[in-house]
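Peer 1: Data file protein.csv (CSV, N, CA and C atoms) is appended below.
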chain,number,residue,atom,x,y,z
A,23,MET,N,-8.2,-1.8,4.2
A,23,MET,CA,-7.5,-1.1,3.3
A,23,MET,C,-6.1,-0.9,3.8
A,24,LEU,N,-5.1,-1.0,2.9
A,24,LEU,CA,-3.7,-0.8,3.3
A,24,LEU,C,-3.1,0.1,2.4
A,25,THR,N,-2.3,1.0,2.9
A,25,THR,CA,-1.4,1.9,2.1
A,25,THR,C,0.0,1.7,2.7
A,26,VAL,N,1.0,1.8,1.7
A,26,VAL,CA,2.4,1.6,2.1
A,26,VAL,C,3.1,2.8,1.6
A,27,SER,N,3.8,3.5,2.5
A,27,SER,CA,4.7,4.6,2.2
A,27,SER,C,6.1,4.1,2.2
A,28,PRO,N,6.9,4.6,1.2
A,28,PRO,CA,8.3,4.2,1.2
A,28,PRO,C,9.0,4.9,2.4
A,29,GLN,N,10.0,4.2,2.9
A,29,GLN,CA,10.8,4.7,4.0
A,29,GLN,C,11.7,5.9,3.5
A,30,LEU,N,11.8,6.9,4.3
A,30,LEU,CA,12.6,8.1,3.9
A,30,LEU,C,14.1,7.6,4.0
A,31,PRO,N,14.9,8.3,3.3
A,31,PRO,CA,16.4,7.9,3.3
A,31,PRO,C,16.9,8.2,4.7
A,32,PRO,N,17.9,7.3,5.2
A,32,PRO,CA,18.4,7.4,6.5
A,32,PRO,C,18.9,8.8,6.9
A,33,ARG,N,19.6,9.5,6.0
A,33,ARG,CA,20.0,10.9,6.3
A,33,ARG,C,18.9,11.8,6.6
A,34,ALA,N,17.8,11.7,5.8
A,34,ALA,CA,16.7,12.6,6.0
A,34,ALA,C,16.0,12.3,7.4
A,35,ARG,N,15.9,11.0,7.7
A,35,ARG,CA,15.3,10.6,9.0
A,35,ARG,C,16.1,11.1,10.1
A,36,ALA,N,17.4,11.0,10.0
A,36,ALA,CA,18.3,11.5,11.1
A,36,ALA,C,18.2,13.0,11.2
A,37,ALA,N,18.1,13.7,10.1
A,37,ALA,CA,18.1,15.2,10.1
A,37,ALA,C,16.8,15.8,10.8
A,38,VAL,N,15.7,15.1,10.5
A,38,VAL,CA,14.4,15.7,11.0
A,38,VAL,C,13.9,15.1,12.3
A,39,GLY,N,14.4,13.9,12.6
A,39,GLY,CA,14.0,13.2,13.8
A,39,GLY,C,12.8,12.3,13.7
A,40,LYS,N,12.6,11.4,14.7
A,40,LYS,CA,11.6,10.4,14.6
A,40,LYS,C,10.2,11.0,14.6
A,41,GLU,N,9.9,12.0,15.4
A,41,GLU,CA,8.6,12.5,15.5
A,41,GLU,C,8.1,13.1,14.2
A,42,MET,N,9.0,13.8,13.5
A,42,MET,CA,8.7,14.4,12.2
A,42,MET,C,8.5,13.4,11.2
A,43,VAL,N,9.3,12.3,11.2
A,43,VAL,CA,9.2,11.2,10.2
A,43,VAL,C,7.8,10.5,10.4
A,44,ASP,N,7.5,10.2,11.7
A,44,ASP,CA,6.2,9.6,12.0
A,44,ASP,C,5.1,10.4,11.6
A,45,SER,N,5.1,11.7,11.8
A,45,SER,CA,4.1,12.7,11.4
A,45,SER,C,3.9,12.7,9.9
A,46,TYR,N,5.1,12.7,9.2
A,46,TYR,CA,5.0,12.7,7.7
A,46,TYR,C,4.3,11.5,7.2
A,47,HIS,N,4.7,10.3,7.7
A,47,HIS,CA,4.1,9.0,7.3
A,47,HIS,C,2.6,9.0,7.6
A,48,ARG,N,2.2,9.5,8.8
A,48,ARG,CA,0.8,9.6,9.1
A,48,ARG,C,0.0,10.5,8.1
A,49,ASP,N,0.6,11.6,7.8
A,49,ASP,CA,-0.1,12.6,6.9
A,49,ASP,C,-0.2,12.0,5.5
A,50,GLU,N,0.8,11.3,5.0
A,50,GLU,CA,0.8,10.7,3.7
A,50,GLU,C,-0.3,9.6,3.6
A,51,ALA,N,-0.3,8.8,4.7
A,51,ALA,CA,-1.3,7.7,4.7
A,51,ALA,C,-2.8,8.3,4.7
A,52,GLU,N,-2.9,9.4,5.5
A,52,GLU,CA,-4.2,10.0,5.6
A,52,GLU,C,-4.7,10.6,4.2
A,53,LYS,N,-3.8,11.1,3.5
A,53,LYS,CA,-4.1,11.6,2.1
A,53,LYS,C,-4.6,10.5,1.2
A,54,VAL,N,-4.1,9.3,1.4
A,54,VAL,CA,-4.6,8.2,0.6
A,54,VAL,C,-5.9,7.6,1.1
A,55,LEU,N,-5.9,7.3,2.4
A,55,LEU,CA,-7.0,6.6,3.0
A,55,LEU,C,-8.3,7.4,3.3
A,56,SER,N,-8.1,8.6,3.6
A,56,SER,CA,-9.3,9.4,3.9
A,56,SER,C,-10.4,9.5,2.8
A,57,PRO,N,-10.0,9.8,1.6
A,57,PRO,CA,-11.1,9.9,0.5
A,57,PRO,C,-11.7,8.5,0.2
A,58,VAL,N,-10.9,7.5,0.3
A,58,VAL,CA,-11.4,6.1,0.0
A,58,VAL,C,-12.4,5.7,1.2
A,59,THR,N,-12.0,6.0,2.4
A,59,THR,CA,-12.8,5.7,3.6
A,59,THR,C,-14.1,6.4,3.5
A,60,GLN,N,-14.1,7.7,3.1
A,60,GLN,CA,-15.3,8.5,3.0
A,60,GLN,C,-16.2,7.9,1.9
A,61,PHE,N,-15.6,7.6,0.8
A,61,PHE,CA,-16.4,7.0,-0.3
A,61,PHE,C,-17.1,5.7,0.1
A,62,LEU,N,-16.3,4.8,0.8
A,62,LEU,CA,-16.9,3.5,1.2
A,62,LEU,C,-18.0,3.7,2.2
A,63,LEU,N,-17.8,4.7,3.2
A,63,LEU,CA,-18.8,5.0,4.2
A,63,LEU,C,-20.1,5.4,3.5
A,64,ARG,N,-20.0,6.2,2.5
A,64,ARG,CA,-21.2,6.7,1.8
A,64,ARG,C,-22.0,5.5,1.2
A,65,HIS,N,-21.3,4.4,0.9
A,65,HIS,CA,-21.9,3.2,0.3
A,65,HIS,C,-22.1,2.1,1.4
A,66,GLY,N,-22.1,2.5,2.6
A,66,GLY,CA,-22.4,1.6,3.7
A,66,GLY,C,-21.3,0.6,4.1
A,67,ILE,N,-20.1,0.9,3.7
A,67,ILE,CA,-19.0,0.0,4.0
A,67,ILE,C,-18.1,0.7,5.0
A,68,ASP,N,-17.9,0.1,6.2
A,68,ASP,CA,-17.0,0.6,7.2
A,68,ASP,C,-15.8,-0.2,7.3
A,69,ALA,N,-14.8,0.1,6.4
A,69,ALA,CA,-13.6,-0.6,6.2
A,69,ALA,C,-12.6,-0.3,7.2
A,70,LYS,N,-11.8,-1.3,7.6
A,70,LYS,CA,-10.7,-1.1,8.5
A,70,LYS,C,-9.5,-0.6,7.7
A,71,THR,N,-8.7,0.3,8.2
A,71,THR,CA,-7.6,0.8,7.5
A,71,THR,C,-6.3,0.5,8.2
A,72,MET,N,-5.2,0.5,7.4
A,72,MET,CA,-3.9,0.2,8.0
A,72,MET,C,-2.9,0.9,7.1
A,73,ALA,N,-1.9,1.5,7.8
A,73,ALA,CA,-0.8,2.2,7.1
A,73,ALA,C,0.5,1.6,7.5
A,74,LYS,N,1.4,1.3,6.6
A,74,LYS,CA,2.7,0.8,6.9
A,74,LYS,C,3.8,1.5,6.1
A,75,VAL,N,5.0,1.3,6.6
A,75,VAL,CA,6.1,2.0,5.9
A,75,VAL,C,7.1,0.9,5.5
A,76,GLY,N,7.5,1.0,4.2
A,76,GLY,CA,8.5,0.0,3.7
A,76,GLY,C,8.4,-0.1,2.2
A,77,HIS,N,8.9,-1.2,1.7
A,77,HIS,CA,8.9,-1.5,0.2
A,77,HIS,C,7.4,-2.0,-0.1
A,78,ALA,N,6.7,-1.4,-1.0
A,78,ALA,CA,5.3,-1.7,-1.2
A,78,ALA,C,5.0,-3.1,-1.5
A,79,GLY,N,5.6,-3.7,-2.5
A,79,GLY,CA,5.3,-5.1,-2.9
A,79,GLY,C,5.6,-6.1,-1.8
A,80,GLU,N,6.7,-6.0,-1.1
A,80,GLU,CA,7.0,-6.9,0.0
A,80,GLU,C,6.1,-6.7,1.2
A,81,THR,N,5.8,-5.4,1.5
A,81,THR,CA,5.0,-5.1,2.7
A,81,THR,C,3.5,-5.6,2.4
A,82,ILE,N,3.0,-5.4,1.2
A,82,ILE,CA,1.7,-5.8,0.9
A,82,ILE,C,1.6,-7.3,1.0
A,83,SER,N,2.5,-8.0,0.4
A,83,SER,CA,2.5,-9.5,0.4
A,83,SER,C,2.6,-10.1,1.8
A,84,LYS,N,3.5,-9.5,2.6
A,84,LYS,CA,3.7,-10.0,4.0
A,84,LYS,C,2.4,-9.7,4.8
A,85,THR,N,1.8,-8.6,4.7
A,85,THR,CA,0.6,-8.2,5.4
A,85,THR,C,-0.5,-9.2,5.0
A,86,ALA,N,-0.7,-9.4,3.7
A,86,ALA,CA,-1.8,-10.3,3.3
A,86,ALA,C,-1.5,-11.7,3.8
A,87,ASP,N,-0.3,-12.2,3.7
A,87,ASP,CA,0.0,-13.5,4.1
A,87,ASP,C,-0.2,-13.7,5.7
A,88,SER,N,0.1,-12.7,6.4
A,88,SER,CA,0.0,-12.8,7.9
A,88,SER,C,-1.4,-12.6,8.4
A,89,GLY,N,-2.3,-12.0,7.6
A,89,GLY,CA,-3.6,-11.8,8.1
A,89,GLY,C,-4.5,-13.0,7.7
A,90,LYS,N,-5.7,-13.0,8.1
A,90,LYS,CA,-6.7,-14.0,7.7
A,90,LYS,C,-7.6,-13.5,6.6
A,91,PHE,N,-6.9,-13.2,5.4
A,91,PHE,CA,-7.6,-12.7,4.3
A,91,PHE,C,-8.0,-13.7,3.3
A,92,ASP,N,-9.1,-13.6,2.7
A,92,ASP,CA,-9.5,-14.6,1.6
A,92,ASP,C,-9.1,-14.1,0.2
A,93,LEU,N,-9.0,-12.8,0.1
A,93,LEU,CA,-8.6,-12.2,-1.2
A,93,LEU,C,-8.0,-10.9,-1.1
A,94,LEU,N,-7.0,-10.6,-1.9
A,94,LEU,CA,-6.3,-9.3,-1.9
A,94,LEU,C,-6.7,-8.6,-3.2
A,95,VAL,N,-7.3,-7.4,-3.1
A,95,VAL,CA,-7.8,-6.7,-4.3
A,95,VAL,C,-6.9,-5.5,-4.4
A,96,MET,N,-6.3,-5.3,-5.6
A,96,MET,CA,-5.4,-4.1,-5.8
A,96,MET,C,-5.4,-3.7,-7.2
A,97,GLY,N,-5.1,-2.4,-7.4
A,97,GLY,CA,-5.0,-1.8,-8.7
A,97,GLY,C,-3.8,-2.3,-9.5
A,98,SER,N,-3.9,-2.2,-10.8
A,98,SER,CA,-2.8,-2.5,-11.7
A,98,SER,C,-2.6,-1.3,-12.5
A,99,HIS,N,-1.3,-0.9,-12.7
A,99,HIS,CA,-1.0,0.3,-13.4
A,99,HIS,C,0.0,0.0,-14.5
A,100,GLY,N,-0.2,0.7,-15.6
A,100,GLY,CA,0.7,0.4,-16.8
A,100,GLY,C,1.8,1.5,-16.9
A,101,HIS,N,2.3,2.0,-15.8
A,101,HIS,CA,3.4,3.0,-15.9
A,101,HIS,C,4.7,2.3,-15.8
A,102,GLY,N,5.7,3.0,-16.3
A,102,GLY,CA,7.1,2.5,-16.1
A,102,GLY,C,7.6,1.9,-17.4
A,103,THR,N,8.5,1.0,-17.2
A,103,THR,CA,9.3,0.4,-18.4
A,103,THR,C,8.4,-0.5,-19.2
A,104,LEU,N,8.9,-1.0,-20.3
A,104,LEU,CA,8.2,-1.9,-21.2
A,104,LEU,C,7.7,-3.1,-20.5
A,105,GLY,N,8.5,-3.7,-19.6
A,105,GLY,CA,8.2,-4.9,-18.9
A,105,GLY,C,7.0,-4.7,-17.9
A,106,ASN,N,6.8,-3.5,-17.5
A,106,ASN,CA,5.7,-3.2,-16.6
A,106,ASN,C,4.5,-2.6,-17.3
A,107,LEU,N,4.4,-2.7,-18.7
A,107,LEU,CA,3.4,-2.1,-19.5
A,107,LEU,C,2.0,-2.7,-19.1
A,108,VAL,N,1.9,-3.9,-18.8
A,108,VAL,CA,0.6,-4.6,-18.5
A,108,VAL,C,0.3,-4.4,-17.0
A,109,MET,N,1.2,-4.7,-16.2
A,109,MET,CA,1.1,-4.6,-14.7
A,109,MET,C,2.2,-3.7,-14.1
A,110,GLY,N,1.8,-3.0,-13.1
A,110,GLY,CA,2.9,-2.2,-12.4
A,110,GLY,C,3.8,-3.1,-11.7
A,111,SER,N,5.0,-2.6,-11.3
A,111,SER,CA,6.0,-3.4,-10.7
A,111,SER,C,5.5,-3.9,-9.3
A,112,VAL,N,4.8,-3.0,-8.6
A,112,VAL,CA,4.3,-3.5,-7.2
A,112,VAL,C,3.3,-4.6,-7.4
A,113,ALA,N,2.4,-4.6,-8.4
A,113,ALA,CA,1.5,-5.7,-8.6
A,113,ALA,C,2.2,-6.9,-9.0
A,114,THR,N,3.2,-6.8,-9.8
A,114,THR,CA,4.0,-7.9,-10.2
A,114,THR,C,4.7,-8.6,-9.0
A,115,GLN,N,5.3,-7.8,-8.1
A,115,GLN,CA,6.0,-8.3,-7.0
A,115,GLN,C,5.0,-9.0,-6.0
A,116,VAL,N,3.8,-8.4,-5.9
A,116,VAL,CA,2.8,-9.0,-5.0
A,116,VAL,C,2.4,-10.4,-5.6
A,117,LEU,N,2.1,-10.4,-6.9
A,117,LEU,CA,1.7,-11.7,-7.5
A,117,LEU,C,2.8,-12.7,-7.3
A,118,ALA,N,4.0,-12.3,-7.4
A,118,ALA,CA,5.1,-13.3,-7.3
A,118,ALA,C,5.3,-13.8,-5.9
A,119,HIS,N,5.0,-13.1,-4.9
A,119,HIS,CA,5.3,-13.4,-3.5
A,119,HIS,C,4.1,-13.7,-2.6
A,120,CYS,N,2.9,-13.3,-2.9
A,120,CYS,CA,1.8,-13.4,-2.0
A,120,CYS,C,1.1,-14.8,-2.2
A,121,LYS,N,0.8,-15.4,-1.0
A,121,LYS,CA,0.1,-16.7,-1.0
A,121,LYS,C,-1.4,-16.6,-1.1
A,122,VAL,N,-1.9,-15.4,-0.8
A,122,VAL,CA,-3.3,-15.1,-0.8
A,122,VAL,C,-3.7,-14.9,-2.3
A,123,PRO,N,-4.9,-15.3,-2.7
A,123,PRO,CA,-5.3,-15.0,-4.1
A,123,PRO,C,-5.4,-13.5,-4.3
A,124,VAL,N,-5.0,-13.0,-5.5
A,124,VAL,CA,-5.0,-11.6,-5.8
A,124,VAL,C,-5.9,-11.3,-7.0
A,125,LEU,N,-6.7,-10.3,-6.8
A,125,LEU,CA,-7.5,-9.8,-7.9
A,125,LEU,C,-7.0,-8.4,-8.3
A,126,LEU,N,-6.5,-8.3,-9.5
A,126,LEU,CA,-6.0,-7.1,-10.0
A,126,LEU,C,-7.1,-6.4,-10.8
A,127,VAL,N,-7.3,-5.1,-10.5
A,127,VAL,CA,-8.3,-4.3,-11.1
A,127,VAL,C,-7.6,-3.2,-12.0
A,128,ARG,N,-8.0,-3.2,-13.2
A,128,ARG,CA,-7.3,-2.3,-14.2
A,128,ARG,C,-8.3,-1.1,-14.4
Take the structure from the file and write it as structure tokens.
Peer 2:
Amino acid sequence: MLTVSPQLPPRARAAVGKEMVDSYHRDEAEKVLSPVTQFLLRHGIDAKTMAKVGHAGETISKTADSGKFDLLVMGSHGHGTLGNLVMGSVATQVLAHCKVPVLLVR
């Protein structure tokens, strides 16, 4: 499992310092990964987790392409502008750039 947090703005990073920024990103990743990990463990699946910081679509695509993955499974959301009504912008970017097959779940 992978979660990607957006990078904090440069001024915010400079104001709070590296340790605080790293702690913030760890906490945000834990909020996402912990409930999913617990759910999967209850169903006998011990999944590996990974948290990264950056632009979500680009980071997901690069991570999938650099790993030895057979399939990328991700959610599709209909939030945002009319152009993203069927698929979210992150899903659209991943589909456009990822070389690994992608399964979108709605």
Peer 1: With distances taken over only N, CA and C atoms, which residue among A:Lys74, A:His47, A:Arg64, A:Lys40 lies nearest A:Val26?
Peer 2: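 Answer, going by the shortest atom-to-atom distance: A:Lys74.
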Peer 1: Find the spatial neighbours of A:Thr59, counting only N, CA and C atoms, within a cut-off of 8 Å - ignore same-chain residues fewer than 6 positions away - and output them as a PDB file with N, CA and C atoms, in the frame of the given file.
Peer 2:
ATOM      1  N   HIS A  65     -21.300   4.400   0.900  1.00  0.00           N
ATOM      2  CA  HIS A  65     -21.900   3.200   0.300  1.00  0.00           C
ATOM      3  C   HIS A  65     -22.100   2.100   1.400  1.00  0.00           C
ATOM      4  N   ILE A  67     -20.100   0.900   3.700  1.00  0.00           N
ATOM      5  CA  ILE A  67     -19.000   0.000   4.000  1.00  0.00           C
ATOM      6  C   ILE A  67     -18.100   0.700   5.000  1.00  0.00           C
ATOM      7  N   ASP A  68     -17.900   0.100   6.200  1.00  0.00           N
ATOM      8  CA  ASP A  68     -17.000   0.600   7.200  1.00  0.00           C
ATOM      9  C   ASP A  68     -15.800  -0.200   7.300  1.00  0.00           C
ATOM     10  N   ALA A  69     -14.800   0.100   6.400  1.00  0.00           N
ATOM     11  CA  ALA A  69     -13.600  -0.600   6.200  1.00  0.00           C
ATOM     12  C   ALA A  69     -12.600  -0.300   7.200  1.00  0.00           C
TER      13      ALA A  69
END
Peer 1: Using backbone DSSP assignments, extract all helix (DSSP H, G or I) residues from chain A; output them as number ranges by chain.
Peer 2: A: 32-38, 40-64, 78-88, 104-106, 111-119
Peer 1: Hey, what's within 10 Å of A:Leu117 if we count only C-alpha atoms and toss same-chain stuff fewer than 6 positions away? As a list in words, please?
Peer 2: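 Answer for this query is Gly79, Ser83, Ser111, Pro123, Val124, Leu125 and Leu126 of chain A.
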Peer 1: In terms of the shortest atom-to-atom distance over all atoms listed in the file, which of A:Val75, A:Val122, A:Leu55, A:Leu62 is closest to A:Asp87?
Peer 2: A:Val122
Peer 1: Could you tell me which of A:Thr85, A:Ala36, A:Thr25, A:Lys90 comes closest to A:Asp49 if we count only C-alpha atoms?
Peer 2: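 Smallest distance to A:Asp49 is found for A:Thr25.
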Peer 1: Atom C of A:Gln115 to atom N of A:Ser88: how many Å, to one decimal?
Peer 2: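 The value is 13.8 Å.
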Peer 1: Would you mind reading off the distance between atom CA of A:Lys53 and atom CA of A:Thr71, one decimal, in Å?
Peer 2: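 The value is 12.6 Å.
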Peer 1: Point out the residue among A:Lys84, A:His119, A:Lys70, A:Arg35 with the least atom-to-atom distance to A:Met23, counting only N, CA and C atoms.
Peer 2: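 Among the listed residues, the smallest separation from A:Met23 belongs to A:Lys70.
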